[in-house]
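**Q** Got a structure for you, coords-v9.txt, holding compact mmCIF, C-alpha atoms and all ligand atoms.
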# COMPACT_ATOMS: atom_id res chain seq x y z
CA MET A 18 12.65 30.05 11.58
CA PHE A 19 14.04 26.70 12.63
CA ASP A 20 17.61 27.98 12.64
CA LYS A 21 16.63 30.38 15.39
CA LEU A 22 15.90 27.49 17.70
CA THR A 23 18.39 26.89 20.47
CA LYS A 24 19.45 23.66 22.09
CA GLN A 25 17.31 22.57 25.02
CA PRO A 26 18.58 21.31 28.36
CA VAL A 27 18.92 17.56 28.52
CA ASP A 28 16.39 15.67 30.64
CA LYS A 29 18.66 13.50 32.76
CA ILE A 30 16.16 10.67 33.16
CA MET A 31 15.42 10.50 29.42
CA GLN A 32 19.15 10.66 28.63
CA LEU A 33 19.82 7.77 30.97
CA MET A 34 17.09 5.67 29.29
CA GLN A 35 18.83 6.26 25.96
CA MET A 36 22.28 5.36 27.30
CA TYR A 37 20.91 2.16 28.78
CA ARG A 38 19.31 1.17 25.47
CA GLU A 39 22.58 1.74 23.64
CA ASP A 40 24.64 -0.32 26.10
CA SER A 41 25.22 -3.74 24.51
CA ARG A 42 26.65 -5.43 27.62
CA ASP A 43 24.92 -8.54 28.98
CA GLY A 44 23.97 -8.18 32.60
CA LYS A 45 23.42 -4.41 32.47
CA ILE A 46 20.98 -3.26 35.15
CA ASP A 47 18.47 -0.45 34.61
CA LEU A 48 17.64 1.41 37.82
CA GLY A 49 16.86 4.66 35.99
CA VAL A 50 13.41 5.68 34.83
CA GLY A 51 10.49 5.03 37.18
CA VAL A 52 8.88 2.10 35.41
CA TYR A 53 7.95 -1.06 37.30
CA LYS A 54 9.60 -4.28 36.16
CA ASN A 55 8.84 -7.77 37.43
CA ALA A 56 11.46 -10.37 38.34
CA GLN A 57 11.87 -11.21 34.64
CA GLY A 58 12.64 -7.58 33.84
CA VAL A 59 9.30 -7.12 32.07
CA THR A 60 6.80 -4.29 32.57
CA PRO A 61 3.66 -6.41 32.32
CA VAL A 62 0.18 -5.35 31.28
CA MET A 63 -1.71 -5.96 34.52
CA LYS A 64 -4.24 -8.81 34.37
CA ALA A 65 -7.22 -6.59 35.18
CA VAL A 66 -6.13 -4.14 32.48
CA LYS A 67 -5.94 -6.93 29.87
CA GLU A 68 -9.36 -8.18 30.89
CA ALA A 69 -10.93 -4.71 30.84
CA GLU A 70 -9.40 -4.09 27.41
CA ARG A 71 -10.82 -7.38 26.17
CA GLN A 72 -14.29 -6.35 27.36
CA LEU A 73 -13.86 -2.88 25.89
CA LEU A 74 -12.93 -4.29 22.50
CA GLU A 75 -16.20 -6.21 22.49
CA SER A 76 -18.45 -3.50 23.86
CA GLN A 77 -17.15 -0.19 22.55
CA GLU A 78 -19.18 1.01 19.60
CA THR A 79 -17.89 4.50 19.03
CA LYS A 80 -14.70 6.49 19.27
CA ALA A 81 -16.58 9.79 19.18
CA TYR A 82 -15.35 12.54 21.48
CA VAL A 83 -16.26 12.18 25.13
CA GLY A 84 -16.06 15.62 26.75
CA LEU A 85 -13.40 18.23 27.38
CA LEU A 86 -13.00 17.06 30.94
CA GLY A 87 -13.14 13.36 30.09
CA ASP A 88 -15.76 10.90 31.27
CA PRO A 89 -17.63 11.89 34.48
CA ALA A 90 -17.60 8.22 35.52
CA TYR A 91 -13.78 8.37 35.47
CA HIS A 92 -13.88 11.46 37.69
CA ASP A 93 -16.17 9.74 40.19
CA ALA A 94 -14.10 6.56 40.29
CA MET A 95 -10.82 8.43 40.72
CA ILE A 96 -12.20 10.85 43.30
CA ASP A 97 -13.31 7.84 45.27
CA LEU A 98 -9.93 6.10 44.91
CA VAL A 99 -7.95 9.19 45.93
CA LEU A 100 -10.24 10.89 48.44
CA ALA A 101 -12.54 8.08 49.64
CA GLY A 102 -15.19 10.45 50.95
CA ALA A 103 -12.76 12.71 52.85
CA VAL A 104 -14.63 15.62 51.28
CA ALA A 105 -18.08 15.82 49.66
CA ARG A 106 -18.23 15.08 45.93
CA GLU A 107 -19.65 18.58 45.27
CA GLN A 108 -16.46 20.11 46.63
CA VAL A 109 -14.30 18.51 43.92
CA ALA A 110 -13.72 19.74 40.37
CA ALA A 111 -12.03 17.23 38.07
CA ALA A 112 -10.39 17.01 34.66
CA ALA A 113 -8.92 13.98 32.94
CA THR A 114 -5.40 14.75 31.75
CA PRO A 115 -2.67 13.07 29.70
CA GLY A 116 -0.90 11.35 32.59
CA GLY A 117 0.19 12.82 35.91
CA THR A 118 2.54 15.16 34.08
CA GLY A 119 -0.43 16.61 32.18
CA ALA A 120 -2.21 17.12 35.49
CA CYS A 121 0.81 18.92 36.96
CA ARG A 122 1.09 21.12 33.90
CA GLN A 123 -2.60 22.07 34.03
CA ALA A 124 -2.35 22.74 37.76
CA PHE A 125 0.62 25.06 37.28
CA GLU A 126 -1.20 26.94 34.53
CA LEU A 127 -4.28 27.29 36.72
CA ILE A 128 -2.14 28.69 39.52
CA GLN A 129 -0.65 31.20 37.11
CA MET A 130 -4.07 32.21 35.77
CA ALA A 131 -5.53 32.62 39.24
CA ASN A 132 -2.60 34.40 40.81
CA PRO A 133 0.36 35.49 38.66
CA GLU A 134 2.17 36.53 41.84
CA ALA A 135 2.06 33.06 43.36
CA ARG A 136 5.38 31.37 43.98
CA VAL A 137 5.55 27.59 44.03
CA PHE A 138 7.54 26.07 46.88
CA VAL A 139 9.19 22.80 45.84
CA SER A 140 11.03 20.23 47.92
CA ASN A 141 14.78 20.01 47.55
CA PRO A 142 15.07 17.70 45.72
CA THR A 143 11.96 17.11 43.67
CA TRP A 144 11.12 15.38 40.38
CA PRO A 145 13.25 17.34 37.88
CA ASN A 146 10.33 17.77 35.49
CA HIS A 147 8.42 19.78 38.12
CA LEU A 148 11.20 22.33 38.02
CA SER A 149 11.52 22.20 34.28
CA ILE A 150 7.81 22.86 33.63
CA LEU A 151 7.65 25.61 36.24
CA LYS A 152 10.68 27.28 34.67
CA TYR A 153 9.17 26.95 31.21
CA LEU A 154 6.01 28.66 32.45
CA GLU A 155 8.14 31.32 34.14
CA ILE A 156 6.63 30.62 37.52
CA GLU A 157 8.89 31.61 40.39
CA THR A 158 9.98 28.69 42.53
CA VAL A 159 11.35 28.59 46.06
CA SER A 160 12.93 25.39 47.29
CA TYR A 161 12.35 24.10 50.79
CA ARG A 162 14.67 21.74 52.62
CA TYR A 163 13.40 18.18 52.50
CA PHE A 164 16.10 15.54 52.50
CA ASP A 165 18.79 15.14 55.10
CA GLU A 166 21.80 13.82 53.17
CA ASP A 167 23.33 12.32 56.33
CA THR A 168 20.37 10.40 57.70
CA ARG A 169 18.67 9.96 54.29
CA ALA A 170 15.41 10.80 56.09
CA VAL A 171 13.23 13.91 55.90
CA ASP A 172 14.77 17.07 57.35
CA PHE A 173 11.47 18.03 58.92
CA ALA A 174 12.79 20.88 61.04
CA GLY A 175 14.47 22.39 57.96
CA MET A 176 11.31 21.97 55.91
CA MET A 177 9.13 23.69 58.48
CA ALA A 178 11.63 26.51 58.89
CA ASP A 179 11.67 27.09 55.12
CA LEU A 180 7.87 27.03 54.92
CA ASP A 181 7.93 29.98 57.31
CA GLY A 182 8.87 32.00 54.23
CA LEU A 183 5.43 31.40 52.66
CA LYS A 184 3.24 34.35 51.79
CA ALA A 185 -0.54 34.19 51.45
CA GLY A 186 -1.42 32.81 48.01
CA ASP A 187 1.84 30.90 47.51
CA VAL A 188 1.57 27.24 46.57
CA VAL A 189 3.42 24.35 48.18
CA LEU A 190 4.05 21.34 45.98
CA LEU A 191 4.03 18.15 48.06
CA HIS A 192 4.46 14.51 47.08
CA GLY A 193 1.43 12.64 48.44
CA CYS A 194 3.46 9.47 49.05
CA CYS A 195 6.61 7.72 47.81
CA HIS A 196 8.64 10.91 47.41
CA ASN A 197 10.43 11.12 44.06
CA PRO A 198 13.46 11.04 44.02
CA THR A 199 14.34 10.38 47.64
CA GLY A 200 11.91 7.68 48.90
CA ALA A 201 11.76 9.50 52.27
CA ASN A 202 8.30 10.51 53.46
CA LEU A 203 6.55 12.49 56.20
CA ASN A 204 4.48 10.66 58.82
CA LEU A 205 0.89 11.73 59.44
CA THR A 206 1.77 13.79 62.53
CA GLU A 207 4.21 15.76 60.40
CA TRP A 208 1.62 16.16 57.64
CA GLN A 209 -0.76 17.64 60.20
CA GLN A 210 1.91 20.18 61.15
CA VAL A 211 2.40 21.06 57.48
CA VAL A 212 -1.36 21.54 57.11
CA ASP A 213 -1.42 23.83 60.15
CA LYS A 214 1.47 25.84 58.74
CA LEU A 215 -0.17 26.21 55.32
CA ASN A 216 -3.43 27.31 56.85
CA ALA A 217 -1.69 29.76 59.17
CA LYS A 218 0.12 31.27 56.18
CA GLY A 219 -2.83 31.21 53.75
CA ALA A 220 -0.84 29.05 51.32
CA VAL A 221 -2.35 26.50 48.94
CA PRO A 222 -1.22 22.86 48.83
CA MET A 223 -0.70 21.08 45.53
CA ILE A 224 -0.22 17.35 45.85
CA ASP A 225 1.43 15.18 43.24
CA LEU A 226 0.15 11.65 43.81
CA ALA A 227 1.90 9.45 41.27
CA TYR A 228 2.49 6.27 43.26
CA GLN A 229 -0.67 5.47 45.22
CA GLY A 230 -0.46 1.78 46.16
CA PHE A 231 3.32 1.51 45.77
CA GLY A 232 4.27 2.49 49.33
CA ASP A 233 2.19 1.29 52.27
CA GLY A 234 -1.03 0.37 50.43
CA LEU A 235 -3.83 2.13 48.54
CA ASP A 236 -5.43 3.76 51.57
CA ASP A 237 -2.30 4.51 53.57
CA ASP A 238 -0.68 6.13 50.54
CA ALA A 239 -3.65 8.46 50.12
CA ALA A 240 -4.04 9.27 53.83
CA ALA A 241 -1.99 12.47 53.65
CA THR A 242 -3.81 13.67 50.54
CA ARG A 243 -7.16 13.05 52.26
CA LEU A 244 -6.03 14.89 55.38
CA VAL A 245 -4.87 17.90 53.37
CA ALA A 246 -8.00 18.00 51.19
CA ALA A 247 -10.24 17.84 54.27
CA SER A 248 -8.28 20.45 56.23
CA CYS A 249 -7.30 23.19 53.77
CA PRO A 250 -9.74 25.60 52.11
CA GLU A 251 -8.31 24.84 48.65
CA THR A 252 -6.23 21.91 47.40
CA LEU A 253 -4.95 20.91 43.98
CA ILE A 254 -4.22 17.23 43.36
CA ALA A 255 -2.43 15.79 40.31
CA ALA A 256 -2.92 12.03 40.33
CA SER A 257 -1.44 9.49 37.95
CA CYS A 258 -2.58 6.01 36.94
CA SER A 259 0.64 5.30 35.02
CA LYS A 260 2.31 3.28 37.76
CA ASN A 261 -0.47 1.75 39.86
CA PHE A 262 -2.38 0.55 36.77
CA GLY A 263 0.77 0.10 34.68
CA VAL A 264 -0.78 2.11 31.83
CA TYR A 265 2.23 4.36 31.26
CA ARG A 266 1.88 4.92 27.54
CA GLU A 267 -1.88 5.45 27.67
CA ARG A 268 -1.32 8.76 29.48
CA THR A 269 -3.94 8.47 32.20
CA GLY A 270 -4.07 11.12 34.89
CA ILE A 271 -6.48 13.44 36.62
CA LEU A 272 -6.42 16.93 38.05
CA LEU A 273 -8.62 17.57 41.08
CA GLY A 274 -9.42 20.93 42.63
CA VAL A 275 -10.96 20.71 46.09
CA SER A 276 -12.78 23.75 47.55
CA ALA A 277 -14.05 23.87 51.12
CA ASP A 278 -16.93 25.92 49.75
CA ALA A 279 -18.73 23.74 47.16
CA SER A 280 -20.17 26.81 45.44
CA LYS A 281 -16.70 27.53 44.03
CA SER A 282 -16.38 24.16 42.29
CA ALA A 283 -18.28 25.14 39.15
CA LEU A 284 -15.83 27.97 38.48
CA VAL A 285 -12.83 25.71 39.02
CA GLN A 286 -14.39 23.12 36.74
CA GLU A 287 -14.98 25.71 34.03
CA ASN A 288 -11.34 26.77 34.19
CA PHE A 289 -10.14 23.16 33.99
CA SER A 290 -12.29 22.75 30.90
CA PHE A 291 -10.86 25.92 29.34
CA LEU A 292 -7.30 24.78 30.01
CA ASN A 293 -7.90 21.37 28.48
CA ARG A 294 -9.37 23.02 25.37
CA GLN A 295 -6.39 25.35 25.00
CA ASN A 296 -3.71 22.75 25.52
CA TYR A 297 -4.97 19.61 23.78
CA SER A 298 -8.74 19.75 23.63
CA PHE A 299 -10.04 16.31 24.60
CA PRO A 300 -7.91 14.24 26.97
CA PRO A 301 -6.99 10.63 26.03
CA ASP A 302 -9.79 8.20 26.83
CA HIS A 303 -8.58 4.63 26.51
CA GLY A 304 -6.59 4.39 29.75
CA ALA A 305 -9.21 6.36 31.68
CA ARG A 306 -11.97 4.06 30.46
CA VAL A 307 -10.03 0.94 31.41
CA VAL A 308 -9.28 2.40 34.86
CA THR A 309 -12.96 3.24 35.35
CA MET A 310 -14.03 -0.27 34.39
CA ILE A 311 -11.55 -1.76 36.85
CA LEU A 312 -12.51 0.52 39.72
CA THR A 313 -16.25 -0.01 39.28
CA ASP A 314 -16.38 -3.75 38.59
CA PRO A 315 -15.89 -5.73 41.83
CA ALA A 316 -14.21 -8.70 40.12
CA LEU A 317 -11.81 -6.57 38.07
CA ARG A 318 -11.09 -4.39 41.07
CA LYS A 319 -10.21 -7.36 43.22
CA MET A 320 -7.91 -8.70 40.50
CA TRP A 321 -6.21 -5.30 40.22
CA GLU A 322 -5.83 -4.74 43.94
CA GLU A 323 -4.30 -8.18 44.39
CA GLU A 324 -1.75 -7.67 41.64
CA LEU A 325 -0.91 -4.18 42.87
CA GLU A 326 -0.40 -5.50 46.39
CA GLU A 327 1.87 -8.24 45.07
CA THR A 328 3.88 -5.58 43.23
CA ARG A 329 4.15 -3.43 46.35
CA LEU A 330 5.21 -6.30 48.57
CA GLY A 331 7.74 -7.41 45.96
CA MET A 332 9.37 -3.98 46.05
CA LEU A 333 9.42 -3.99 49.85
CA LYS A 334 11.11 -7.38 49.83
CA LEU A 335 13.77 -6.10 47.44
CA ARG A 336 14.34 -3.12 49.74
CA GLU A 337 14.86 -5.41 52.70
CA GLN A 338 17.14 -7.70 50.73
CA LEU A 339 19.25 -4.77 49.51
CA ALA A 340 19.51 -3.19 52.96
CA GLY A 341 20.51 -6.59 54.40
CA GLU A 342 23.07 -7.26 51.69
CA LEU A 343 24.63 -3.83 52.10
CA GLN A 344 24.75 -4.31 55.83
CA ARG A 345 26.50 -7.64 55.42
CA LEU A 346 29.05 -6.45 52.84
CA SER A 347 29.83 -3.06 54.37
CA GLY A 348 29.62 -4.21 57.96
CA SER A 349 27.67 -1.08 58.81
CA ASP A 350 24.06 -0.01 59.24
CA ARG A 351 24.40 3.11 57.20
CA PHE A 352 22.24 1.77 54.37
CA GLY A 353 19.40 0.79 56.71
CA PHE A 354 17.36 3.67 55.25
CA VAL A 355 16.80 1.63 52.07
CA ALA A 356 14.33 -0.55 54.00
CA GLN A 357 12.66 2.49 55.56
CA HIS A 358 12.08 4.38 52.31
CA ARG A 359 8.88 3.74 50.40
CA GLY A 360 7.85 3.55 46.76
CA MET A 361 9.93 2.90 43.71
CA PHE A 362 12.80 5.18 44.54
CA SER A 363 15.58 5.62 47.05
CA ARG A 364 18.30 8.18 46.93
CA LEU A 365 21.40 6.32 48.04
CA GLY A 366 23.56 9.36 48.69
CA LEU A 367 26.50 8.18 46.56
CA PRO A 368 28.94 10.71 45.13
CA SER A 369 28.53 11.33 41.41
CA GLU A 370 31.92 9.67 40.69
CA ALA A 371 30.55 6.46 42.20
CA VAL A 372 27.38 6.72 40.10
CA ASP A 373 29.53 7.12 36.95
CA LYS A 374 31.79 4.27 37.95
CA LEU A 375 28.86 1.93 38.54
CA ARG A 376 27.51 2.76 35.10
CA GLU A 377 30.80 2.60 33.22
CA GLU A 378 32.37 -0.39 34.93
CA ASN A 379 29.39 -2.43 36.07
CA GLY A 380 26.64 -1.45 33.63
CA ILE A 381 24.46 -0.33 36.52
CA TYR A 382 22.34 2.68 35.56
CA MET A 383 20.95 5.05 38.16
CA VAL A 384 20.09 8.76 38.01
CA GLY A 385 23.05 11.09 38.64
CA ASP A 386 21.83 12.04 42.10
CA SER A 387 22.10 8.30 42.98
CA ARG A 388 18.35 7.69 42.81
CA ILE A 389 17.64 4.02 42.18
CA ASN A 390 14.41 2.50 40.94
CA VAL A 391 14.05 -0.43 43.31
CA ALA A 392 11.64 -2.12 40.89
CA GLY A 393 14.49 -2.40 38.38
CA LEU A 394 16.12 -4.98 40.67
CA ASN A 395 15.41 -8.66 41.25
CA GLU A 396 16.62 -11.22 43.78
CA LYS A 397 19.68 -12.00 41.64
CA THR A 398 20.72 -8.44 40.86
CA VAL A 399 20.42 -7.13 44.43
CA PRO A 400 23.71 -8.77 45.52
CA VAL A 401 25.39 -7.52 42.32
CA LEU A 402 24.35 -3.94 43.10
CA ALA A 403 25.30 -4.20 46.77
CA ARG A 404 28.74 -5.56 45.90
CA ALA A 405 29.32 -2.84 43.29
CA ILE A 406 28.29 -0.08 45.72
CA VAL A 407 30.64 -1.34 48.39
CA ASP A 408 33.48 -1.83 45.86
CA ALA A 409 32.95 1.71 44.59
CA GLY A 410 34.04 2.76 48.06
CA SER A 411 30.66 4.16 49.05
C1 LIG B 1 10.55 9.11 36.86
O1 LIG B 1 10.74 9.97 37.72
O2 LIG B 1 11.44 8.33 36.47
C2 LIG B 1 9.18 8.93 36.26
O3 LIG B 1 8.28 9.81 36.84
C3 LIG B 1 9.17 8.96 34.79
C4 LIG B 1 9.43 10.32 34.23
O4 LIG B 1 8.64 10.76 33.37
O5 LIG B 1 10.42 10.97 34.61
Take the structure I supplied and represent it as structure tokens, if you would.
**A**
Amino acid sequence: MFDKLTKQPVDKIMQLMQMYREDSRDGKIDLGVGVYKNAQGVTPVMKAVKEAERQLLESQETKAYVGLLGDPAYHDAMIDLVLAGAVAREQVAAAATPGGTGACRQAFELIQMANPEARVFVSNPTWPNHLSILKYLEIETVSYRYFDEDTRAVDFAGMMADLDGLKAGDVVLLHGCCHNPTGANLNLTEWQQVVDKLNAKGAVPMIDLAYQGFGDGLDDDAAATRLVAASCPETLIAASCSKNFGVYRERTGILLGVSADASKSALVQENFSFLNRQNYSFPPDHGARVVTMILTDPALRKMWEEELEETRLGMLKLREQLAGELQRLSGSDRFGFVAQHRGMFSRLGLPSEAVDKLREENGIYMVGDSRINVAGLNEKTVPVLARAIVDAGS
């Protein structure tokens, strides 16, 4: 049997992680995978997470199964964090999932179960794993224009023109904030126009919200998701706690299904439960429990929000420093977009030869499409990157 297996396509982000690990050079810089690192290059366990874990160690008396959908208290806490009352609680079905990727996977399967004809519209570009999972599930995808390679901002006119191709029942995958990989985002006026278009076409939004709190703040980053959920008859939301709680390896995510008509929620919930049972049965609990404790305990929540805000502002500062340094060294404003982008990532728009050169000659690792993880930088490495970019002739 095993000899019938064929080689699988390489995941570029995972491959880059491996290459970085194997590079023995001092001074190598990892701007690849989307993992936050502090100025010392460490991905810390957040203080509130440590404290919640300490309390959990003392208080937890059983590791018995929780429920197929996870802990209802986790649902409530996350629904409040993401939607903040934008819709009534009864309108929302929820399932804990292994990370945001698990939530995306379950959402795609639900779409396929509900409507095998549905096509999923994806931004060009999008997170490569969206495309990979959709392909694996044999769901037809249609890409819509998103990123203007010249201005490094959103090509909104192109996006809207491509969304004209939507048919009733199609799904549009949108990044709630901090677009991955580009860093370029819609403003709220544009989101409203997208909502109007979706409703006019009878299409269903699916929002991937993996970076709430990393862009403009916890509420601002969820504003578009709240608008969509409150304005469309049906919305799917895949939210991740990996980045904003720094609990990457705990696999903590949630899938939400919002119905304008609350009487539909029970059916959605039942299907979420079925999907969890088929794919992995009970979702992981540890990260979800820690997140719930933090969100519901005022002292822990304050500690978490403060550290998250520090993280966000640190990334913004690095963006400004990099944009300034590039401006100084290149004598042009063409990298000003780095300070405008939000979240962990920016697509620099470098040719692939320059990306290879930076890796081979300078030990600077970024994804092949020239996406950098801003959080992989620090005050000292920003000038090194800026110099290398300018020397690479970009
Ligand atoms: C990324 O885009 O780097 C992250 O979302 C991590 C991953 O799983 O790819």
**Q** Take CA of Val307 in chain A and CA of Arg329 in chain A and report the distance between them in Å, one decimal.
**A**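 We find that CA of Val307 in chain A and CA of Arg329 in chain A lie 21.1 Å from each other.
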**Q** Rounded to one decimal place, report the CA of Ala201 in chain A-CA of His358 in chain A distance in Å.
**A** 5.1 Å
**Q** List all protein, DNA and RNA residues that have an atom no more than 8 Å from any atom of ligand LIG 1 (chain B), counting all atoms listed in the file, and report them as an mmCIF file with C-alpha atoms, in the frame of the given file.
**A**
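The result, stored in selection.cif:
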data_model
loop_
_atom_site.group_PDB
_atom_site.id
_atom_site.type_symbol
_atom_site.label_atom_id
_atom_site.label_comp_id
_atom_site.auth_asym_id
_atom_site.auth_seq_id
_atom_site.Cartn_x
_atom_site.Cartn_y
_atom_site.Cartn_z
ATOM 1 C CA ILE A 30 16.160 10.670 33.160
ATOM 2 C CA MET A 31 15.420 10.500 29.420
ATOM 3 C CA GLY A 49 16.860 4.660 35.990
ATOM 4 C CA VAL A 50 13.410 5.680 34.830
ATOM 5 C CA GLY A 51 10.490 5.030 37.180
ATOM 6 C CA VAL A 52 8.880 2.100 35.410
ATOM 7 C CA THR A 118 2.540 15.160 34.080
ATOM 8 C CA TRP A 144 11.120 15.380 40.380
ATOM 9 C CA PRO A 145 13.250 17.340 37.880
ATOM 10 C CA ASN A 146 10.330 17.770 35.490
ATOM 11 C CA ASN A 197 10.430 11.120 44.060
ATOM 12 C CA PRO A 198 13.460 11.040 44.020
ATOM 13 C CA ALA A 227 1.900 9.450 41.270
ATOM 14 C CA ASN A 390 14.410 2.500 40.940
#
**Q** If I take CA of His147 in chain A and CA of Phe362 in chain A, how far is one from the other in Å, to one decimal?
**A**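 Pair CA of His147 in chain A / CA of Phe362 in chain A returns 16.5 Å.
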**Q** Just give me the residues with any atom within 12 Å of (17.2, 12.8, 55.2), file coordinates, counting all atoms listed in the file, written as an MDAnalysis selection string.
**A** chainID A and resid 141:142 162:176 196 198:203 354:355 357:358 363:366
**Q** A:Ala239, A:Ile271, A:Leu402, A:Met63: which is nearest Asn293 in chain A, counting all atoms listed in the file?
**A**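 For Asn293 in chain A, the nearest of the candidates is A:Ile271.
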**Q** Between A:Ala135, A:Leu100, A:Leu148, A:Leu183, which residue has the minimum interatomic distance to Ala241 in chain A, considering all atoms listed in the file?
**A** A:Leu100
**Q** Smallest atom-to-atom distance to Val399 in chain A: which of A:Glu370, A:Glu68, A:Glu342, A:Glu207, using all atoms listed in the file?
**A**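 Closest residue, counting all atoms listed in the file: A:Glu342.
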**Q** Ranking A:Asp225, A:Asp179, A:Asp238, A:Asp88 by minimum distance to Arg122 in chain A and counting only C-alpha atoms, which one comes first?
**A**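 The shortest atom-to-atom distance to Arg122 in chain A comes from A:Asp225.
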**Q** Would you please work out which residue, of A:Thr143, A:Ser349, A:Asn395, A:Ser298, is nearest to Arg336 in chain A when using only C-alpha atoms?
**A** A:Asn395
**Q** From the options A:Met310, A:Leu48, A:Met18, A:Leu215, which residue's atoms come nearest to Glu251 in chain A, counting only C-alpha atoms?
**A**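 With only C-alpha atoms as the atom set, the closest residue is A:Leu215.
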**Q** Compile the contact shell of Gly186 in chain A as a PyMOL selection string: residues with an atom at most 9 Å away, counting all atoms listed in the file, same-chain residues fewer than 6 positions apart removed.
**A** chain A and resi 132+134-136+218-221
